[in-house]
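Novice: One structure follows; several queries about it will come next.
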Amino acid sequence: MRKPMAPGLLQSLLQAAGPSGHEDEAAAVWREAAGAFAEVSSDTLGSSFARVSAGEGAPTLAVMGHIDEIGVTVTNIEDNGLLSFITLGGISPEALHGQRVELLTRDGRVPGAIARRRLYPEQLRDRPRLELTDLHLDIGAASREEAERLVRVGDAGVWLGPPVDLPGNRLLSKALDNRLGAYVALEAARRVAERGGAEVDVVAVAGAQEELGSYGAGPAAFGLEPLVALAIDVTPATDVPGGDPRRQGRIELGGGVLIARGPTLSPHVSGLLVEIAEREQIPHAFGVYSAVTHTDADEVHLARAGVPTGLLSIPTRYVHSPNELCSLDDVEAAVRLVAAFALALGREQSFLR
């Protein structure tokens with residue numbers, strides 16, 4: 001059997017289920033790995049923390065990667081055993097139609113399939129666009145009573161499917177958004193712990209509920225009160241049909257980690273990231289934002305009196321689908337840059353503007 005290219009921890013994170021608000025399984029995988037080298041804790045929202053200490057009085061670098069993934073949740077059980085549902089996070093009906101899912105229930109995982117109501121050709125002419133209300137979830141139950149023995153209203157679910165290695169050191173999987181960020185944050189912290197010599201505490205964060213509105217990031221940053229923070233996330237690649245580099249920059253698989261620039265991101269942090277990437281010869285490119293980034297950075301930089309925040313992104317194709325695709329070379333570039341950034345910070349570092 002061919003050895004997987006993706007690191008073992010990343011494989012485990014991708015195979016774990018963790019829809020927004022139900023991150024327990026994925027968070028447990030992350031915290032178990034963190035316990036080998038860091039002080040591990042969590043909060044009431046479901047975010048997890050792994051602190052690599054630099055000694056008493058050291059300021060904190062927070063590295064934020066959210067652990068949750070998009071999913072679905074059951075809203076009603078019909079008399080015929082079919083399930084109605086809504087989405088957790090942004091998923092188009094087209095991406096859901098025809099997909100297999102697993103519901104996380106009190107007795108374990110329950111598989112099912114998402115299908116659409118049958119429409120005849122003349123009806124399709126009047127309904128050119130697929131709506132979420134056209135879809136239902138089928139777990140094979142023959143009646144409401146049978147379905148209620150398996151699932152409850154409010155049970156959440158995620159797409160079904162293991163990660164797949166592709167040629168060119170590329171990876172295909174659900175939940176790259178954002179198990180990649182959670183993995184990068186933790187692996188960078190591990191490398192800092194292994195090397196030693198950091199002058200700042202490095203706290204890797206596996207944030208909860210980002211797909212619902214970055215709900216975990218703000219409280220996490222408030223509690224940590226960091227000197228500086230980095231958010232790690234994915235961003236849609238432009239090297240596919242319909243991709244437009246004029247909108248946000250040239251975002252290509254294999255082009256390296258993306259260093260974001262924009263008015264809500266600290267220019268001192270972004271500048272230091274660029275300086276380190278150039279010095280360490282870490283492959284990188286740039287992403288540009290005019291306002292919000294739609295990542296945890298939007299909440300982190302507003303925490304308390306404001307946190308100097310940088311954003312690193314991993315180019316990813318087909319985001320918010322069951323078949324997201326990335327380059328593991330870009331993931332490694334992100335890990336290297338975060339670790340090098342942490343080791344470059346001094347106790348007296350200032351990001352005042």
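As shown in the structure tokens, the chain order sets the letters A, B, ...; within each chain, residues go from 1, and ligands are also counted from 1 in the order they appear.
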Taking only region 37-282 of chain A into account, list the residues labelled strand (DSSP E or B) by DSSP (computed from the backbone), as a PyMOL selection string.

Specialist: chain A and resi 39-42+48-52+60-66+69+71-77+83-88+100-105+108-116+135-138+156-159+164-166+170-173+201-207+228-236+257-261

Novice: For the helix (DSSP H, G or I) assignment from backbone DSSP, which residues of region 3-200 of chain A qualify? Please present them as a PDB file with C-alpha atoms, in the first residue's frame.

Specialist:
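Final file, out-v2.pdb:
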ATOM      1  CA  GLY A   8      -0.378  11.591   9.750  1.00  0.00           C
ATOM      2  CA  LEU A   9      -1.880  14.312  11.936  1.00  0.00           C
ATOM      3  CA  LEU A  10      -3.398  16.068   8.938  1.00  0.00           C
ATOM      4  CA  GLN A  11      -4.855  12.765   7.709  1.00  0.00           C
ATOM      5  CA  SER A  12      -6.443  12.170  11.111  1.00  0.00           C
ATOM      6  CA  LEU A  13      -7.838  15.698  11.289  1.00  0.00           C
ATOM      7  CA  LEU A  14      -9.403  15.403   7.842  1.00  0.00           C
ATOM      8  CA  GLN A  15     -11.052  12.086   8.683  1.00  0.00           C
ATOM      9  CA  ASP A  24     -15.539  17.763  19.639  1.00  0.00           C
ATOM     10  CA  GLU A  25     -14.193  14.867  17.539  1.00  0.00           C
ATOM     11  CA  ALA A  26     -11.776  16.933  15.460  1.00  0.00           C
ATOM     12  CA  ALA A  27     -10.743  18.982  18.511  1.00  0.00           C
ATOM     13  CA  ALA A  28      -9.945  15.798  20.434  1.00  0.00           C
ATOM     14  CA  VAL A  29      -7.560  14.677  17.663  1.00  0.00           C
ATOM     15  CA  TRP A  30      -5.863  18.079  17.703  1.00  0.00           C
ATOM     16  CA  ARG A  31      -5.534  18.241  21.492  1.00  0.00           C
ATOM     17  CA  GLU A  32      -4.136  14.721  21.749  1.00  0.00           C
ATOM     18  CA  ALA A  33      -1.371  15.627  19.290  1.00  0.00           C
ATOM     19  CA  ALA A  34      -0.732  18.928  21.088  1.00  0.00           C
ATOM     20  CA  PRO A  93     -27.489  23.447  -3.016  1.00  0.00           C
ATOM     21  CA  GLU A  94     -25.578  22.332  -6.119  1.00  0.00           C
ATOM     22  CA  ALA A  95     -22.645  21.198  -3.969  1.00  0.00           C
ATOM     23  CA  LEU A  96     -24.959  19.192  -1.706  1.00  0.00           C
ATOM     24  CA  PRO A 121     -39.034  18.216 -17.660  1.00  0.00           C
ATOM     25  CA  GLU A 122     -41.870  20.746 -17.802  1.00  0.00           C
ATOM     26  CA  GLN A 123     -41.347  21.561 -14.107  1.00  0.00           C
ATOM     27  CA  LEU A 124     -37.607  21.965 -14.590  1.00  0.00           C
ATOM     28  CA  ARG A 125     -38.250  24.641 -17.216  1.00  0.00           C
ATOM     29  CA  ASP A 126     -39.948  26.693 -14.506  1.00  0.00           C
ATOM     30  CA  LEU A 132     -32.116  24.121  -0.625  1.00  0.00           C
ATOM     31  CA  THR A 133     -35.814  23.362  -0.097  1.00  0.00           C
ATOM     32  CA  ASP A 134     -35.647  21.046  -3.119  1.00  0.00           C
ATOM     33  CA  ARG A 144     -40.733   8.493  10.986  1.00  0.00           C
ATOM     34  CA  GLU A 145     -40.615   6.083  13.912  1.00  0.00           C
ATOM     35  CA  GLU A 146     -37.695   4.166  12.415  1.00  0.00           C
ATOM     36  CA  ALA A 147     -35.801   7.370  11.631  1.00  0.00           C
ATOM     37  CA  GLU A 148     -36.361   8.720  15.159  1.00  0.00           C
ATOM     38  CA  LEU A 176      -9.345  21.403   4.008  1.00  0.00           C
ATOM     39  CA  ASP A 177     -11.179  24.560   5.087  1.00  0.00           C
ATOM     40  CA  ASN A 178      -9.867  24.728   7.661  1.00  0.00           C
ATOM     41  CA  ARG A 179      -8.169  21.653   9.063  1.00  0.00           C
ATOM     42  CA  LEU A 180      -5.196  22.935   7.077  1.00  0.00           C
ATOM     43  CA  GLY A 181      -5.049  26.054   9.252  1.00  0.00           C
ATOM     44  CA  ALA A 182      -5.483  24.083  12.471  1.00  0.00           C
ATOM     45  CA  TYR A 183      -2.721  21.713  11.358  1.00  0.00           C
ATOM     46  CA  VAL A 184      -0.341  24.523  10.327  1.00  0.00           C
ATOM     47  CA  ALA A 185      -0.813  26.318  13.659  1.00  0.00           C
ATOM     48  CA  LEU A 186      -0.075  23.173  15.675  1.00  0.00           C
ATOM     49  CA  GLU A 187       2.792  21.890  13.539  1.00  0.00           C
ATOM     50  CA  ALA A 188       4.492  25.299  13.598  1.00  0.00           C
ATOM     51  CA  ALA A 189       4.182  25.385  17.398  1.00  0.00           C
ATOM     52  CA  ARG A 190       5.638  21.872  17.583  1.00  0.00           C
ATOM     53  CA  ARG A 191       8.654  22.898  15.517  1.00  0.00           C
ATOM     54  CA  VAL A 192       9.212  25.938  17.729  1.00  0.00           C
ATOM     55  CA  ALA A 193       9.084  23.677  20.800  1.00  0.00           C
ATOM     56  CA  GLU A 194      11.484  21.214  19.171  1.00  0.00           C
ATOM     57  CA  ARG A 195      13.994  23.882  18.220  1.00  0.00           C
TER      58      ARG A 195
END

Novice: Mind checking which residues fall within 6 Å of region 59-68 of chain A, counting only C-alpha atoms, ignoring those fewer than 6 positions away in the same chain, and posting them as JSON, numbers by chain?

Specialist: {"A": [18, 19, 20, 23, 178, 179, 181, 182, 185, 200, 201, 202, 203, 204, 205, 206, 207, 208, 209, 226, 227, 228, 229, 230, 231, 232]}

Novice: Using only C-alpha atoms, which protein or nucleic acid residues come within 8 Å of Asp329 (chain A)? Drop anything in the same chain fewer than 5 positions from it, and give the result as a list in words.

Specialist: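 My list of contacting residues is Asn169, Arg170, Gly254 and Gly256 of chain A.
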
Novice: Excluding Ser143 (chain A) and any residue of its chain fewer than 2 positions from it, enumerate the residues within 12 Å of it, using only C-alpha atoms, and give them as a count of residues only.

Specialist: 17

Novice: Please determine, counting only C-alpha atoms, which residue among A:Gly306, A:Pro267, A:Gly168, A:Gly197 has the shortest atom-to-atom distance to Asp330 (chain A).

Specialist: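 Of A:Gly306, A:Pro267, A:Gly168, A:Gly197, the one nearest Asp330 (chain A) is A:Gly168, counting only C-alpha atoms.
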
Novice: Pick out the closest residue to Ala54 (chain A) from this set: A:Arg317, A:His268, A:Arg100, A:Arg347. Count only C-alpha atoms.

Specialist: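 Using only C-alpha atoms, Ala54 (chain A) sits closest to A:Arg347.
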
Novice: For Tyr215 (chain A), which of A:Gly346, A:Ala17, A:Val300, A:Pro315 is the closest residue, counting only C-alpha atoms?

Specialist: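 Between A:Gly346, A:Ala17, A:Val300, A:Pro315, the residue approaching Tyr215 (chain A) most closely is A:Val300.
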
Novice: So how far away is CA of Ser321 (chain A) from CA of Lys174 (chain A), in Å?

Specialist: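 Between CA of Lys174 (chain A) and CA of Ser321 (chain A) the gap works out to 6.9 Å.
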
Novice: Report as a VMD selection string all protein, DNA and RNA residues lying within 6 Å of Gly287 (chain A), evaluated on only C-alpha atoms, omitting residues in the same chain fewer than 6 positions from it.

Specialist: chain A and resid 248 to 249 258 260

Novice: Given the choices A:Val151, A:Val72, A:Ala291, A:Val307, which gets closest to Asp107 (chain A) if the distance is worked out from only C-alpha atoms?

Specialist: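 Smallest distance to Asp107 (chain A) is found for A:Val151.
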